[in-house]
Amino acid sequence: MHLIDCPWCGPRDEAEFAYRGDATVTRPAPDAGIDAFYDYVFTRANPRGWHVEWWHHAAGCRQHVKVVRHTMTHAIAATGRATDILEVPAA
Amino acid sequence: MTGRAFRIAGGGHIDRSRTVRFRFDGKEHSGHPGDTLASALLAAGVRLVGRSFKYHRPRGIYSAGPEEPNALVEIGTGARRTPNTRMTTAEIHDGLVAESQNRWPSLRFDAMAATSVAARLLPAGFYYKTFMWPASFWEKVYEPMIRRAAGLGRAATEPDPDHYEAAHAHCDVLVVGAGAAGLAAARAAGEAGARVLLAEQDFLLGGGLLLEPAHEAWRGETLAAIIALPNVTVMPRTTVFGYYDHNMLGALERVTDHLATAPDHVPRQRSWTIRAREVVLATGADERLVAFPDNDRPGVMLAGAARAYVARFGVVPGRRVVLFTNNDAAYATADTLLAAGADSATIVDFRPFGTAAAAARARGIEVLPGSEVIGVDGGTSLYAVQVRRRGTWGSTQVPADLLCVSGGYSPAVHLASQARTPLAWDARIAAFVPGEAARQRSAGGARGVFGIGAAAHDGAAAGRAAAIATGCRVGSEFVLPGRNGDADPTVMPCWEIAAPGKAFVDLQNDVTAADIRLARQEGYEHIEHAKRYTTHTMATDQGKIGGLVGAAVLAEARGLPVEQVGIPTYRPYVTPVTWGAVAAHHVGKAFAPIRRTMLHDWHVRNGADFMEAGLWLRPGFYPQKGESPWDSVLREARAVRRAVGICDVSTLGKIDVQGKDAGVFLDRLYMNTFSTLAIGKARYGIMLREDGMVFDDGTTTRLAEDHFFVTTTTANAARVMEHMDLYAQTVWPDLDVQYCSVTDQWASMSIAGPKARSTVARAVAGLDLSNEGLPFMGVADATVAGCPVRVFRISFSGELAYEIATPAGYALAVWEAVLAAGRADGIVPYGVEALGLLRIEKGHVAGSELNGHTTARDLGLDRMAKKRGDFVGRVLAERPGLVDPGRPTFVGIRSVDPKRQVRQGAHLVEPGSFKSLGWVSSVTRSVELGDAWIGLALLTDGKARIGSRLVAAFPLKDEAVEVEIVSPHFIDPENARVRA
Amino acid sequence: MTRYSGLRLLGHALSGHARWPRAWRAPDPKPSYDVVIIGGGGHGLASAYYLAKEHGITNVAVVEKGPIGLGNTGRNTTIVRSNYLFPENNHFYEWSLKLWEGLEQDLNFNVMMSQRGVLNLFHSDSQRAASARRGNSMRLNGIDAELLDREQVKAMVPLLDYDNARFPVFGGLLQRRGGTARHDAVAWGFARAADARGVDIIQHCEVTGIRREGGRVTGVETTRGFIGARKVGIAVAGNTSRVAAMAGLRLPIESHVLQAFVTEGLKPLVDMVVTFGAGHFYISQSDKGGLVFGGGLDGYNSYAQRGSLPTVEHVWAAGVAMMPCLSRLRVLRQWGGVMDMTMDGSPLICRTPVEGLYLNGGWCYGGFKATPGSGWCFAHTIANDAPHRFNAAMTIERFREGRAIDERGAGPYPWAQ
Amino acid sequence: MSAPEPAVPAPRSPLAGVATTGRYGAAGGTPLAIAEIPAAIVQLAARRGRAGDLARAVSGAFGLDLPPPGRAASARGIDAIWIQPDAWLLLAPRGAEGALAAEVKRAAGDAGSVVDQSHGKTLMSLAGAAARRVMAKGCRLDLDAPAFGPGRAAVTQIAQIGCVVHQRDAIPTYGLVVPSSLAIPFFEWLTSSAAEFGYEVG
Ligand SMILES: Cc1cc2nc3c(=O)[nH]c(=O)nc-3n(C[C@H](O)[C@H](O)[C@H](O)COP(=O)(O)OP(=O)(O)OC[C@H]3O[C@@H](n4cnc5c(N)ncnc54)[C@H](O)[C@@H]3O)c2cc1C
Ligand SMILES: NC(=O)c1ccc[n+]([C@@H]2O[C@H](COP(=O)([O-])OP(=O)(O)OC[C@H]3O[C@@H](n4cnc5c(N)ncnc54)[C@H](O)[C@@H]3O)[C@@H](O)[C@H]2O)c1
Ligand SMILES: Cc1cc2nc3c(=O)[nH]c(=O)nc-3n(C[C@H](O)[C@H](O)[C@H](O)COP(=O)(O)O)c2cc1C
Ligand SMILES: [Zn+2]
């Protein structure tokens, strides 16, 4: 069971969070067109390895925590606030 | 056998001063506190305790712990009957009732044992090759037969009367297992100051120490020292069953199973989640069987178990003993049995003559070195063992009533492996041991460090290291047992004895060495294929004592070393876990919490029939005496259309939005524009998902320049908040906006009907209710019965309506005041059903139309979209498939014969056709249209079909009802009433 | 191929079972094939079988990185049904169910397909309506479905909680032809039958690259060297994104964990498949007697075949809430599988932008029941370079075009699908 | 037409009829104390970039230093509990309807958004030597020192219900704030968890 270090609340149990997917995609400019929005909403790198993703601390401070997590080992390399840029380990 | 007691006079860890009575298969037996069901029955001379899974072979007690494959029974009666309970861990108590299982009509005469005769026809995987002809026989004949024969115990069919709990614990160091290693680890970590949890599955702490009178003093001292430490918590009867991510372990505590009567308010069992900074696995080692013919007969037992029955339970499981071993450690069993009064002991040592054999001979014990057991004689009990010198033919018969077997010990690496710690092969002990892992270490037997002294030293070092890893300073040194008494742990691998007969590698599932070889021969040669083809290691003991043996047989057949073949993946649970313990509090009515509005009690008192809406309970309707549900729904709705009704709408989601950019924020979330909304005005809005489908709807009110009050549907309230969080925090973090749920702060009630104004006017103070004072979509503050309220002139029913919101604590006062005020107008409370009827007549969409499949265009709501500016879903709503004119669109339907019911979920088809053109999303009987059945639907070419007729097909009930396609706005399409 | 039968079993019993042949060969890869299928799960093996059987294409290899059938095929809860809402799905799954119904005889391997019935409970009027819409859609498409009321459900499954339930049972949607099959046997049966038709099943051979020349596929790089192919089919559930990426494709897929559980063996207790409508839970009993059950996704991206405790807690609670007698039973084992979740919960069986490269994936948590149908349609698509009408809608482009097949209406949130 | 203005009636508790005073559960020993505490509850959030201004305003008006994450602070009968970045719950003994919210709004001015939650949230307390063990039956937080202690607070979930946990003293006494619509199931969890130790509803 993941232990996620919320930048505000500290280490909290996975049970308090709602996963909200890939944090590397950014919402395109409003006039970017269907293809850009298609990419944003639908396509995913879906790596086996380090993944930068959103975990919404739904039962805590209600913040979207940015998490660098390994999708094979479930190890967490870093957590941060929504606007933080986090370092992703090499492999 | 008769006459001589199997219970010895002294020693061990049982309380001979007290007697406990229990029943097994209808017969009363007695034992002592400290006994397990297994030890008590052995003491009573019972040898046959169960039947195997496939061949129904007679089986006896094989082990003295949770690794037991054979001795499974149903414990308890009625609703408390618990199948597949291991006798070897079940503590006896007065009144305990146990029954053997998987046999018919009785344990001794099991008719199914006939399968044993046909065993040759039932090799591994036989069912994949047969039962295919005739095809129809599989389900009717073969499968029911297999199912009845298979399975083990019988489940109770009544609800479980006991209650369970879940609990959460945190610690610096979790020590799993309280043998020499675990006790030393817990003490070392505890004395270093770490917060320690020590979990032990047994009811006594000590593990292997419990068999060693010489170390009893150390066990006592160490336990006392541990218990004295305030920072150490000891949890007996607690099995750590699983090792999950980030050092979270699951454990099961058996709280009252061992008691004849459980105290009140205490759960039967408790499941724990334990978050540990460091983990020490001191889980010991499991003794292995050896695969030789008939190694499953009652009277065959693991050597360590036999020793445990004597040393811990004071029971001699046999008098004429043969011990078959490939290691020195098992020799102690012979000594222990002889010391306890066994008549004879013969040691059959697989290895050439060595020092242990010499020493045993010197003690007067017969040793047959370089020998092996090739079979046993006996049926439901044992009378002799067939022994042969290795490499020779022919054998000698050694009379025996007990055959103790030791194939060496495999470290209990279950938990370590679950945590994905790599396993390494240790040739010395011919077993896997855990490799390196972060924040976790194994100690003692669990990593192949055998022997009390060695294990204790290893445990102390591990406990200390774990404590240091959590930032503690090294604690004091304490006395540890010496290593001199430790046996040499080296084994000579001995997996299978080649001789004719059934040699089992998995006792419970009746898997033989031959089955494993057959699997390989047919191409199922990978260990995981062999496991699945033969079911090896898939029984309730998960192959604890024979798993590696089967792997070794496979390795031999493949010509590979065992370590290359490996063992099947370890998964939770180390031992099976009670379902109810993990479900804990959240069962029955508490499965999910019930949300109640502040008017709930009023609804109950007034006879409401409730319905679920997410977690909420809402009044569906308020039946009066003699009324059918439809009678009351129609009566309530009619009251709204003709006079006035009041409905509790407190469950709607409500969100308070503030900030300089609140308007901009809402503009971007909704299709509509809110930044232009006048203060004191409300507007209906539609929210899309980013993929362009409709997400939610509701009204939003502007309370001040920088202050809005948003409502959502009941179902989506939480999701809308999450949606806001996502966009506010990750997409537009620069906006100045603060919002929070105020769903529970405000109770709200809708007062609707032509007489709503009259009622509301009587109830509220300080408000001009004229069209000028409070126009349609206007909002104003006032009071009702002295309580502050906010009055919204909004309508869902299509009638003149007001929604009165009040801080929830005043809901009842306001509600009752409005009812009183409306009495003269004939006010009637109405429920969600009437509300639905009214909105269908009005053609308003609700949950069944906003089901995630529809676009605003489909629903005819696209005109609400703002012409300029960004909003969520705008771009993708324009994808070709979503603007395809062929998509079903929103229409009304009306039964041609008004008496004929149309049902929700019907499909619209051309007469005689099976092609669905659309579906009926909502239906009701109409009050406005003389009780006729009407509904809403999504229909291909909907607009164009208005005026035509189709069939509402409901083949599930063989119904086809002719309907007319109409506008979805059955009443007042001009909206005159709401503006009245 | 030695045919399997009771008589044959008897014959072999007399010779001590010493002469049973391998169920499938263990060939070395040839330099090239007409078709290489990546992935030796049920889908890959079925595809190869139907390529050989239906299209006469026998120069086919199935390359599998480990032993066959241990991916999701070897770890699923084995429910087979065709009770879908949208015609794009229900035609396809119904075809698959039809193939299941004759599969034993077709493969000469008892896959233990057991049409015990699948019952989906509902607990409110709105759930009843959604079930009715689905059931009616099935019936209009010629698929069996029955709508049961509470009393009918009670007669059929008396063990449910009818007295104290938080969410009372209103009724259920029943598909009697649904049921379960033995997961492992499906892989083995297809492997054996495909092998008998000449297909090479190459185990322990991982595809590490997809070679293309001029926009066309020419073969696959593997841990056992390059294998040439005129056509390559991907059927690697759980790894679809990774393998597709080898050909430069980025897909609308996320990989998530789904867990499953089995109890200790029991005498017959639950004789059909029952799914709870008020929480994530479903259950059936295996032929061996274990209650096999599961629930929803853990809900985060993962390639680890193991899950987390919050899901366990919910699933078990839902189980006892639905069927209170389960409380005293013990659960034996839990495991997980990697689900390639598409953004609409429906699969992909289609051509790709790369010529000669075909995709079968995105099965979410429901691809076991699809195994024969998926193999059949994929074989058709590969052989004809065009989809069959059963899988014509299962394209990648549907997302771009706004033609998602979103049964649940959950939207592009894989963890919610 | 309109009725004369009566006095504001006392608001009704969501636990009315459920939290009945008395002693329950196991007998013997000192029971745990469980109570509902009528409170005025206000949610206060800083406007974007105005956290400093807001802190100064609140400190000036109430003598209260808005606490950092994970903490609570008290002054002049008001408890402030951090609940979200730049957002707090303020709790005070129940007074006139809306009074606390109005006072806070007056102090905060345009530096803060203020929402009255006095009816939307319900405050309960649990006190006694075994309180931590009761909490462990639903709360996944580590409530032991040094992870938690007097003055610490956290937003979490207990028995599927969102809950603000505030440790008020060393007994320990916990203040527990839950949504009012879920106060009954929360109370049911609390009392069933406390039954093993015996409890008194005050
Ligand atoms: C817990 C659980 C419960 C489920 N329950 C059901 C259910 O009840 N009913 C139902 O219909 N479905 C169910 N499913 C879904 C179902 O199991 C899958 O959709 C289905 O088995 C997929 O089959 P497949 O052949 O596509 O995949 P798999 O069986 O996973 O086969 C894919 C194969 O590809 C191989 N592979 C991957 N990468 C490579 C590579 N680079 N090179 C070579 N080989 C590679 C893998 O090793 C694997 O063997 C469940 C799934 C899980 C996990
Ligand atoms: N050849 C040998 O000399 C040899 C071989 C094997 C074992 N041993 C034994 O090794 C012991 C070494 O001591 P040790 O402390 O390492 O082992 P141990 O067997 O004495 O203790 C292990 C303890 O862990 C408990 N346990 C195991 N799994 C558990 C779980 N999942 N949850 C909770 N409790 C669990 C067991 O009940 C047991 O009490 C000696 O006592 C000796 O008897 C010796
Ligand atoms: C339908 C089904 C029934 C199962 N029954 C059992 C069982 O009776 N005993 C058992 O140990 N495992 C059983 N398993 C689980 C497997 O042992 C195994 O855990 C699962 O297939 C996943 O493989 P893995 O654990 O090797 O990763 C069953 C699995 C499935 C899919
Ligand atoms: Zn947080």
# chains A, B, ... in the order shown; residues from 1 in each chain; ligands from 1
$ residues_around --residues "B:Asp781" --least-positions-apart "6" --cutoff "9 Å" --atoms "only C-alpha atoms" --output "PDB file with C-alpha atoms, in the first residue's frame"
ATOM      1  CA  GLY B 766     -39.147  40.503   4.789  1.00  0.00           C
ATOM      2  CA  LEU B 767     -39.492  39.645   1.154  1.00  0.00           C
ATOM      3  CA  PRO B 788     -32.352  32.907   8.207  1.00  0.00           C
ATOM      4  CA  VAL B 789     -33.195  31.644   4.741  1.00  0.00           C
ATOM      5  CA  ARG B 790     -32.228  32.300   1.186  1.00  0.00           C
ATOM      6  CA  VAL B 791     -35.044  32.134  -1.325  1.00  0.00           C
ATOM      7  CA  PHE B 792     -34.308  31.160  -4.915  1.00  0.00           C
TER       8      PHE B 792
END
$ residues_near_ligand --ligand "ligand 2" --cutoff "6 Å" --atoms "only C-alpha atoms and all ligand atoms" --output "MDAnalysis selection string"
chainID B and resid 176:182 199:202 206:209 238:241 282:285 329 409 444:446 450:452 455 487 489 574
$ residues_around --residues "C:Tyr49" --least-positions-apart "5" --cutoff "10 Å" --atoms "only C-alpha atoms" --output "PyMOL selection string"
chain C and resi 43-44+54-58+60+62+107+190-199+372+375-376+379
$ residues_around --residues "A:Glu53" --least-positions-apart "6" --cutoff "9 Å" --atoms "only C-alpha atoms" --output "VMD selection string"
(chain A and resid 19 to 24 65 to 69) or (chain C and resid 301)
$ select_by_dssp --residues "chain A" --states "helix (DSSP H, G or I)" --output "list of chain:residue names"
A:Glu14, A:Ala15, A:Glu16, A:Ile34, A:Asp35, A:Ala36, A:Phe37, A:Tyr38, A:Asp39, A:Tyr40, A:Val41
$ write_last_selection --atoms "N, CA and C atoms" --output "PDB file, in the first residue's frame"
ATOM      1  N   GLU A  14      -2.109   5.588   0.914  1.00  0.00           N
ATOM      2  CA  GLU A  14      -2.759   5.566  -0.401  1.00  0.00           C
ATOM      3  C   GLU A  14      -4.286   5.685  -0.309  1.00  0.00           C
ATOM      4  N   ALA A  15      -4.845   5.081   0.724  1.00  0.00           N
ATOM      5  CA  ALA A  15      -6.308   5.055   0.848  1.00  0.00           C
ATOM      6  C   ALA A  15      -6.910   6.458   0.867  1.00  0.00           C
ATOM      7  N   GLU A  16      -6.118   7.472   1.202  1.00  0.00           N
ATOM      8  CA  GLU A  16      -6.657   8.830   1.264  1.00  0.00           C
ATOM      9  C   GLU A  16      -6.631   9.543  -0.094  1.00  0.00           C
ATOM     10  N   ILE A  34      -8.460  19.950 -32.514  1.00  0.00           N
ATOM     11  CA  ILE A  34      -8.882  18.635 -32.043  1.00  0.00           C
ATOM     12  C   ILE A  34      -7.703  17.696 -31.827  1.00  0.00           C
ATOM     13  N   ASP A  35      -6.744  17.695 -32.734  1.00  0.00           N
ATOM     14  CA  ASP A  35      -5.643  16.738 -32.599  1.00  0.00           C
ATOM     15  C   ASP A  35      -4.876  16.948 -31.302  1.00  0.00           C
ATOM     16  N   ALA A  36      -4.621  18.197 -30.986  1.00  0.00           N
ATOM     17  CA  ALA A  36      -3.884  18.485 -29.760  1.00  0.00           C
ATOM     18  C   ALA A  36      -4.688  18.042 -28.543  1.00  0.00           C
ATOM     19  N   PHE A  37      -5.971  18.320 -28.567  1.00  0.00           N
ATOM     20  CA  PHE A  37      -6.804  17.903 -27.439  1.00  0.00           C
ATOM     21  C   PHE A  37      -6.960  16.384 -27.393  1.00  0.00           C
ATOM     22  N   TYR A  38      -7.006  15.776 -28.549  1.00  0.00           N
ATOM     23  CA  TYR A  38      -7.078  14.305 -28.601  1.00  0.00           C
ATOM     24  C   TYR A  38      -5.863  13.716 -27.894  1.00  0.00           C
ATOM     25  N   ASP A  39      -4.696  14.237 -28.227  1.00  0.00           N
ATOM     26  CA  ASP A  39      -3.466  13.761 -27.601  1.00  0.00           C
ATOM     27  C   ASP A  39      -3.506  13.957 -26.089  1.00  0.00           C
ATOM     28  N   TYR A  40      -3.947  15.138 -25.705  1.00  0.00           N
ATOM     29  CA  TYR A  40      -3.979  15.490 -24.287  1.00  0.00           C
ATOM     30  C   TYR A  40      -4.920  14.579 -23.504  1.00  0.00           C
ATOM     31  N   VAL A  41      -6.072  14.336 -24.066  1.00  0.00           N
ATOM     32  CA  VAL A  41      -7.081  13.588 -23.313  1.00  0.00           C
ATOM     33  C   VAL A  41      -6.882  12.076 -23.443  1.00  0.00           C
TER      34      VAL A  41
END
$ interface_residues --of "chain A" --to "chain D" --cutoff "12 Å" --atoms "only C-alpha atoms" --output "ChimeraX atom specification"
/A:1,3,6-17,57-64,81
$ residues_around --residues "stretch 274-282 of chain C" --least-positions-apart "6" --cutoff "7 Å" --atoms "only C-alpha atoms" --output "list in words"
Val118, Leu119, Asn120, Leu121, Phe122, His123, Phe167, Phe293, Gly294, Gly295, Gly296, Val315, Ala318, Gly319 and Met322 of chain C
$ write_last_selection --atoms "C-alpha atoms" --output "PDB file, in the first residue's frame"
ATOM      1  CA  VAL C 118     -24.078 -14.845 -14.959  1.00  0.00           C
ATOM      2  CA  LEU C 119     -26.298 -12.756 -12.729  1.00  0.00           C
ATOM      3  CA  ASN C 120     -25.732  -8.997 -12.409  1.00  0.00           C
ATOM      4  CA  LEU C 121     -27.593  -7.670  -9.394  1.00  0.00           C
ATOM      5  CA  PHE C 122     -29.181  -4.242  -9.313  1.00  0.00           C
ATOM      6  CA  HIS C 123     -30.138  -2.249  -6.270  1.00  0.00           C
ATOM      7  CA  PHE C 167     -28.323  -1.498  -0.663  1.00  0.00           C
ATOM      8  CA  PHE C 293     -13.680 -13.406  -6.696  1.00  0.00           C
ATOM      9  CA  GLY C 294     -12.587  -9.931  -7.561  1.00  0.00           C
ATOM     10  CA  GLY C 295     -13.628  -6.340  -7.770  1.00  0.00           C
ATOM     11  CA  GLY C 296     -12.437  -3.123  -9.339  1.00  0.00           C
ATOM     12  CA  VAL C 315     -13.762  -6.009  -2.286  1.00  0.00           C
ATOM     13  CA  ALA C 318     -18.584  -5.824  -0.623  1.00  0.00           C
ATOM     14  CA  GLY C 319     -18.492  -9.613  -0.631  1.00  0.00           C
ATOM     15  CA  MET C 322     -23.659  -9.103  -0.629  1.00  0.00           C
TER      16      MET C 322
END
$ atom_distance --atom1 "atom CA of B:Gly566" --atom2 "atom CA of B:His526"
9.2 Å
$ residues_around --residues "stretch 5-20 of chain D" --least-positions-apart "5" --cutoff "6 Å" --atoms "only C-alpha atoms" --output "JSON, numbers by chain"
{"B": [785, 786, 787, 809, 810]}
$ write_last_selection --atoms "all heavy atoms" --output "PDB file, in the first residue's frame"
ATOM      1  N   ALA B 785     -39.864  31.778  10.210  1.00  0.00           N
ATOM      2  CA  ALA B 785     -39.953  31.422  11.627  1.00  0.00           C
ATOM      3  C   ALA B 785     -38.713  31.881  12.375  1.00  0.00           C
ATOM      4  O   ALA B 785     -38.208  31.207  13.264  1.00  0.00           O
ATOM      5  CB  ALA B 785     -40.138  29.909  11.789  1.00  0.00           C
ATOM      6  N   GLY B 786     -38.205  33.003  11.986  1.00  0.00           N
ATOM      7  CA  GLY B 786     -37.039  33.553  12.662  1.00  0.00           C
ATOM      8  C   GLY B 786     -35.718  32.985  12.178  1.00  0.00           C
ATOM      9  O   GLY B 786     -34.659  33.465  12.548  1.00  0.00           O
ATOM     10  N   CYS B 787     -35.790  31.996  11.335  1.00  0.00           N
ATOM     11  CA  CYS B 787     -34.550  31.386  10.861  1.00  0.00           C
ATOM     12  C   CYS B 787     -34.117  32.078   9.577  1.00  0.00           C
ATOM     13  O   CYS B 787     -34.943  32.393   8.717  1.00  0.00           O
ATOM     14  CB  CYS B 787     -34.757  29.912  10.546  1.00  0.00           C
ATOM     15  SG  CYS B 787     -35.473  29.002  11.909  1.00  0.00           S
ATOM     16  N   GLY B 809     -29.370  23.295  10.511  1.00  0.00           N
ATOM     17  CA  GLY B 809     -29.937  23.115  11.845  1.00  0.00           C
ATOM     18  C   GLY B 809     -31.338  23.687  11.972  1.00  0.00           C
ATOM     19  O   GLY B 809     -32.071  23.369  12.910  1.00  0.00           O
ATOM     20  N   TYR B 810     -31.730  24.532  11.035  1.00  0.00           N
ATOM     21  CA  TYR B 810     -33.070  25.138  11.077  1.00  0.00           C
ATOM     22  C   TYR B 810     -34.033  24.446  10.125  1.00  0.00           C
ATOM     23  O   TYR B 810     -35.184  24.863   9.985  1.00  0.00           O
ATOM     24  CB  TYR B 810     -32.998  26.617  10.704  1.00  0.00           C
ATOM     25  CG  TYR B 810     -32.038  27.399  11.576  1.00  0.00           C
ATOM     26  CD1 TYR B 810     -30.995  28.133  11.018  1.00  0.00           C
ATOM     27  CD2 TYR B 810     -32.188  27.403  12.965  1.00  0.00           C
ATOM     28  CE1 TYR B 810     -30.110  28.839  11.806  1.00  0.00           C
ATOM     29  CE2 TYR B 810     -31.299  28.107  13.774  1.00  0.00           C
ATOM     30  CZ  TYR B 810     -30.261  28.818  13.189  1.00  0.00           C
ATOM     31  OH  TYR B 810     -29.402  29.508  13.982  1.00  0.00           O
TER      32      TYR B 810
END
$ interface_residues --of "chain B" --to "chain D" --cutoff "6 Å" --atoms "only C-alpha atoms" --output "list of chain:residue names"
B:Ala166, B:Ala167, B:His168, B:His170, B:His265, B:Val266, B:Pro593, B:Arg595, B:Arg596, B:Thr597, B:Asp736, B:Asp744, B:Gln745, B:Arg762, B:Ala765, B:Ala785, B:Gly786, B:Cys787, B:Pro807, B:Ala808, B:Gly809, B:Tyr810
$ select_by_dssp --residues "stretch 153-286 of chain C" --states "strand (DSSP E or B)" --output "PyMOL selection string"
chain C and resi 171-175+179-180+200-202+207-213+216-222+225-234+251+253-266+273-275+282-285
$ residues_around --residues "stretch 920-931 of chain B" --least-positions-apart "3" --cutoff "7 Å" --atoms "only C-alpha atoms" --output "number ranges by chain"
B: 634, 637-638, 837, 841, 848-849, 902-907, 934-938
$ residues_near_ligand --ligand "ligand 1" --cutoff "6 Å" --atoms "only C-alpha atoms and all ligand atoms" --output "VMD selection string"
chain C and resid 38 to 44 63 to 66 68 to 73 75 to 80 206 to 208 235 to 239 243 258 to 260 336 to 338 363 to 369
